[in-house]
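In what follows, a structure is listed as structure tokens, so that the remarks can point back to it.
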Amino acid sequence: MDDDSKLIDEVLDGNIDGFNILVNKYEMSILKFVYNMVNNKETAEDITQEVFITIYNKLYLYKKQYKFSNWIFQIAKNKCIDYIRKYKRVYESNIEDMNNMISKEPGPEQSIEFKEIKETLEKFINSLEEVDKQIISLRYSKDNLTFSDISNIMNMSESSVKRRYYKAREKFKEEISFKEKRCTI
């Protein structure tokens, strides 16, 4: 967080390189979060670009007593909500698009196993309510957001976030356990 504050000060003093460092640091996390909300690669890229334009234009409004990552995830969430309201639809996710976001290529056996697990997980996540999807997405982002951070981003109480998270996690465990039992019979 201290590094972010220094970079923000540099950007506010006119150093564009500081902003490029912030973009590089948060771009993939924001892109993945946005993609999980809109389920369309091109749209996610466009919204992510809008998020960073907004951040650049509104950086002077950022309050340093809060985590910078929370602030930008809140902006991303709001941009996604604006998009969904405007177009009143959420696109189906395309598994092939997700492969383009992964940086390391697994081996053939790992790829098949990964694909099966991923399909199961995506199917489960897509069955969740939108709020639960967002909580799961934020919790497993590379920024290691805490429940407190997520509650700030989602404008919910921390206890509600925890309850929804653990309820979804338990539901997934039950679903996997049920599938495993069916496979062994």
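The chains in the structure tokens are called A, B, ... from first to last as shown; in each chain the residues are counted from 1, and the ligands are counted from 1 in the order shown.
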message: Please list as number ranges by chain every residue within 8 Å of range 45-61 of chain A, counting only C-alpha atoms and excluding residues in the same chain fewer than 2 positions away.
response: A: 8, 12, 19, 23, 27, 30-31, 34, 41-43, 63, 72, 75-76, 79-80
Output for the residues just chosen: N, CA and C atoms as a compact mmCIF listing (two decimals), in the first residue's frame:
```txt
# COMPACT_ATOMS: atom_id res chain seq x y z
N ILE A 8 1.00 7.14 -6.50
CA ILE A 8 -0.11 8.08 -6.64
C ILE A 8 0.40 9.51 -6.52
N LEU A 12 0.14 12.35 -9.42
CA LEU A 12 -0.48 13.65 -9.15
C LEU A 12 0.50 14.81 -9.39
N PHE A 19 1.87 6.12 -13.22
CA PHE A 19 0.56 5.57 -13.56
C PHE A 19 0.70 4.27 -14.34
N VAL A 23 -1.01 0.70 -13.50
CA VAL A 23 -1.79 -0.07 -14.48
C VAL A 23 -1.24 -1.49 -14.58
N GLU A 27 -3.85 -4.34 -13.60
CA GLU A 27 -4.61 -4.58 -14.82
C GLU A 27 -5.22 -5.99 -14.89
N ILE A 30 -8.07 -6.53 -12.28
CA ILE A 30 -9.29 -5.82 -12.67
C ILE A 30 -9.93 -6.51 -13.87
N LEU A 31 -9.12 -6.89 -14.84
CA LEU A 31 -9.64 -7.56 -16.03
C LEU A 31 -10.38 -8.85 -15.66
N VAL A 34 -13.67 -7.97 -13.85
CA VAL A 34 -14.67 -7.46 -14.80
C VAL A 34 -15.18 -8.61 -15.68
N LYS A 41 -14.90 -11.31 -23.26
CA LYS A 41 -13.50 -10.85 -23.22
C LYS A 41 -13.35 -9.42 -23.73
N GLU A 42 -13.92 -9.12 -24.91
CA GLU A 42 -13.75 -7.79 -25.49
C GLU A 42 -14.39 -6.72 -24.61
N THR A 43 -15.57 -7.02 -24.10
CA THR A 43 -16.26 -6.08 -23.22
C THR A 43 -15.46 -5.87 -21.94
N LYS A 63 -8.75 8.87 -1.40
CA LYS A 63 -8.40 9.19 -0.01
C LYS A 63 -7.41 8.15 0.49
N ILE A 72 -10.06 1.01 -6.53
CA ILE A 72 -10.15 0.69 -7.95
C ILE A 72 -11.11 -0.46 -8.21
N ILE A 75 -14.51 1.07 -8.33
CA ILE A 75 -14.73 1.72 -9.63
C ILE A 75 -15.05 0.66 -10.68
N ALA A 76 -14.30 -0.44 -10.68
CA ALA A 76 -14.55 -1.51 -11.66
C ALA A 76 -15.95 -2.09 -11.48
N LYS A 79 -18.46 0.37 -12.88
CA LYS A 79 -18.44 0.39 -14.34
C LYS A 79 -19.18 -0.82 -14.91
N CYS A 80 -18.99 -1.98 -14.28
CA CYS A 80 -19.68 -3.20 -14.73
C CYS A 80 -21.19 -3.07 -14.54
```
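Using only C-alpha atoms, the smallest distance between any of A:Asn152, A:Leu138, A:Asn20, A:Val38 and Tyr87 in chain A comes from A:Val38.
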- prompt: Can you list, as a ChimeraX atom specification, every protein, DNA or RNA residue that comes within 12 Å of Ile135 in chain A when you count only C-alpha atoms, leaving out same-chain residues fewer than 5 positions away?
  reply: /A:33,36-37,73,77,125,128-130,140-141,145-156,158,160-169
Save out the residues we just selected, N, CA, C and O atoms, as a compact mmCIF listing (two decimals), in the first residue's frame.
```txt
# COMPACT_ATOMS: atom_id res chain seq x y z
N PHE A 33 -11.69 -9.64 -12.73
CA PHE A 33 -12.88 -9.29 -11.97
C PHE A 33 -14.00 -8.84 -12.91
O PHE A 33 -15.14 -9.30 -12.80
N ASN A 36 -15.44 -11.72 -14.95
CA ASN A 36 -16.36 -12.54 -14.17
C ASN A 36 -17.74 -11.92 -14.05
O ASN A 36 -18.72 -12.63 -13.83
N MET A 37 -17.83 -10.62 -14.23
CA MET A 37 -19.14 -9.96 -14.15
C MET A 37 -19.85 -9.90 -15.50
O MET A 37 -21.06 -10.05 -15.55
N PHE A 73 -11.21 -1.42 -7.30
CA PHE A 73 -12.20 -2.49 -7.48
C PHE A 73 -13.62 -1.94 -7.38
O PHE A 73 -14.53 -2.40 -8.08
N LYS A 77 -16.33 -2.33 -10.25
CA LYS A 77 -17.67 -2.87 -9.98
C LYS A 77 -18.74 -1.92 -10.51
O LYS A 77 -19.69 -2.33 -11.18
N ILE A 125 -20.07 -21.63 -10.21
CA ILE A 125 -20.07 -20.18 -9.99
C ILE A 125 -21.18 -19.51 -10.78
O ILE A 125 -21.85 -18.61 -10.27
N LEU A 128 -24.51 -19.40 -9.07
CA LEU A 128 -24.65 -18.55 -7.89
C LEU A 128 -25.35 -17.24 -8.23
O LEU A 128 -25.37 -16.81 -9.39
N GLU A 129 -25.87 -16.59 -7.20
CA GLU A 129 -26.42 -15.25 -7.37
C GLU A 129 -25.28 -14.29 -7.72
O GLU A 129 -24.13 -14.54 -7.39
N GLU A 130 -25.61 -13.19 -8.36
CA GLU A 130 -24.60 -12.24 -8.83
C GLU A 130 -23.72 -11.73 -7.69
O GLU A 130 -22.50 -11.62 -7.83
N TYR A 140 -10.83 -14.50 -4.45
CA TYR A 140 -9.77 -15.27 -5.10
C TYR A 140 -8.97 -14.46 -6.12
O TYR A 140 -8.24 -15.03 -6.92
N SER A 141 -9.09 -13.15 -6.07
CA SER A 141 -8.26 -12.32 -6.95
C SER A 141 -6.82 -12.37 -6.43
O SER A 141 -6.57 -12.72 -5.28
N LEU A 145 -7.61 -10.09 -1.25
CA LEU A 145 -8.48 -9.17 -0.54
C LEU A 145 -9.07 -9.85 0.69
O LEU A 145 -9.46 -11.01 0.65
N THR A 146 -9.14 -9.11 1.77
CA THR A 146 -9.72 -9.62 3.00
C THR A 146 -11.24 -9.47 2.94
O THR A 146 -11.77 -8.75 2.07
N PHE A 147 -11.92 -10.09 3.89
CA PHE A 147 -13.37 -9.93 3.95
C PHE A 147 -13.73 -8.46 4.21
O PHE A 147 -14.72 -7.96 3.68
N SER A 148 -12.91 -7.78 4.97
CA SER A 148 -13.14 -6.36 5.23
C SER A 148 -13.03 -5.55 3.93
O SER A 148 -13.86 -4.69 3.66
N ASP A 149 -12.00 -5.86 3.13
CA ASP A 149 -11.84 -5.18 1.84
C ASP A 149 -13.05 -5.43 0.94
O ASP A 149 -13.58 -4.51 0.32
N ILE A 150 -13.46 -6.68 0.89
CA ILE A 150 -14.60 -7.05 0.03
C ILE A 150 -15.87 -6.36 0.51
O ILE A 150 -16.66 -5.87 -0.31
N SER A 151 -16.07 -6.29 1.82
CA SER A 151 -17.27 -5.63 2.34
C SER A 151 -17.28 -4.15 1.95
O SER A 151 -18.34 -3.60 1.64
N ASN A 152 -16.10 -3.52 1.94
CA ASN A 152 -16.03 -2.11 1.51
C ASN A 152 -16.35 -1.97 0.03
O ASN A 152 -17.08 -1.06 -0.36
N ILE A 153 -15.82 -2.86 -0.79
CA ILE A 153 -16.05 -2.81 -2.23
C ILE A 153 -17.53 -3.07 -2.54
O ILE A 153 -18.13 -2.40 -3.37
N MET A 154 -18.11 -4.03 -1.84
CA MET A 154 -19.49 -4.46 -2.12
C MET A 154 -20.54 -3.64 -1.38
O MET A 154 -21.74 -3.85 -1.58
N ASN A 155 -20.10 -2.75 -0.49
CA ASN A 155 -21.03 -1.98 0.34
C ASN A 155 -21.96 -2.88 1.14
O ASN A 155 -23.17 -2.70 1.17
N MET A 156 -21.36 -3.90 1.75
CA MET A 156 -22.09 -4.86 2.59
C MET A 156 -21.36 -4.96 3.91
O MET A 156 -20.19 -4.61 4.01
N GLU A 158 -19.32 -6.85 6.79
CA GLU A 158 -18.31 -7.92 6.72
C GLU A 158 -18.92 -9.27 7.07
O GLU A 158 -18.61 -10.28 6.44
N SER A 160 -21.98 -10.26 6.52
CA SER A 160 -22.77 -10.73 5.37
C SER A 160 -21.87 -11.32 4.30
O SER A 160 -22.20 -12.34 3.70
N VAL A 161 -20.74 -10.65 4.07
CA VAL A 161 -19.79 -11.16 3.07
C VAL A 161 -19.29 -12.53 3.49
O VAL A 161 -19.28 -13.48 2.69
N LYS A 162 -18.88 -12.66 4.75
CA LYS A 162 -18.37 -13.95 5.24
C LYS A 162 -19.43 -15.03 5.15
O LYS A 162 -19.16 -16.15 4.71
N ARG A 163 -20.64 -14.70 5.57
CA ARG A 163 -21.72 -15.69 5.55
C ARG A 163 -21.97 -16.19 4.12
O ARG A 163 -22.06 -17.38 3.88
N ARG A 164 -22.06 -15.26 3.19
CA ARG A 164 -22.32 -15.64 1.80
C ARG A 164 -21.16 -16.45 1.22
O ARG A 164 -21.36 -17.42 0.50
N TYR A 165 -19.94 -16.03 1.55
CA TYR A 165 -18.75 -16.73 1.05
C TYR A 165 -18.72 -18.17 1.58
O TYR A 165 -18.57 -19.12 0.80
N TYR A 166 -18.86 -18.34 2.88
CA TYR A 166 -18.76 -19.67 3.46
C TYR A 166 -19.94 -20.55 3.06
O TYR A 166 -19.79 -21.76 2.89
N LYS A 167 -21.10 -19.96 2.87
CA LYS A 167 -22.27 -20.71 2.41
C LYS A 167 -22.03 -21.23 0.99
O LYS A 167 -22.30 -22.39 0.69
N ALA A 168 -21.49 -20.39 0.12
CA ALA A 168 -21.20 -20.81 -1.26
C ALA A 168 -20.11 -21.88 -1.27
O ALA A 168 -20.20 -22.86 -2.01
N ARG A 169 -19.09 -21.69 -0.45
CA ARG A 169 -18.00 -22.67 -0.38
C ARG A 169 -18.49 -24.02 0.10
O ARG A 169 -18.13 -25.06 -0.46
```
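For the residues A:Ala44, A:Trp71, A:Lys64, A:Ser177, ranking by smallest atom-to-atom distance to Met28 in chain A using only C-alpha atoms places A:Ala44 first.
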- prompt: With only C-alpha atoms as the basis for distance, which of A:Tyr26, A:Phe172, A:Tyr83, A:Tyr35 is at the shortest distance from Ser69 in chain A?
  reply: A:Tyr26
task: Using DSSP on the backbone, list every residue of range 40-94 of chain A that comes out as helix (DSSP H, G or I), and give them as a PyMOL selection string.
output: chain A and resi 41-61+68-87
I'd like the contact shell of Asp17 in chain A - 9 Å cut-off, only C-alpha atoms, skipping same-chain residues fewer than 6 positions apart - returned as a PDB file with N, CA, C and O atoms, in the first residue's frame.
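around_10.pdb was written with the following content:
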```pdb
ATOM      1  N   LEU A   7       3.425   6.035  -5.683  1.00  0.00           N
ATOM      2  CA  LEU A   7       3.113   6.125  -7.109  1.00  0.00           C
ATOM      3  C   LEU A   7       2.000   7.134  -7.355  1.00  0.00           C
ATOM      4  O   LEU A   7       2.044   7.902  -8.325  1.00  0.00           O
ATOM      5  N   GLU A  10       3.383  10.546  -7.215  1.00  0.00           N
ATOM      6  CA  GLU A  10       4.140  10.827  -8.441  1.00  0.00           C
ATOM      7  C   GLU A  10       3.201  11.177  -9.591  1.00  0.00           C
ATOM      8  O   GLU A  10       3.457  12.117 -10.348  1.00  0.00           O
ATOM      9  N   VAL A  11       2.117  10.403  -9.730  1.00  0.00           N
ATOM     10  CA  VAL A  11       1.163  10.657 -10.814  1.00  0.00           C
ATOM     11  C   VAL A  11       0.528  12.029 -10.628  1.00  0.00           C
ATOM     12  O   VAL A  11       0.398  12.802 -11.589  1.00  0.00           O
TER      13      VAL A  11
END
```
Non-local contacts of Ser127 in chain A (12 Å; only C-alpha atoms; under 4 positions in same chain excluded) as a ChimeraX atom specification: /A:92,120-123,131-133,168,171-172,175
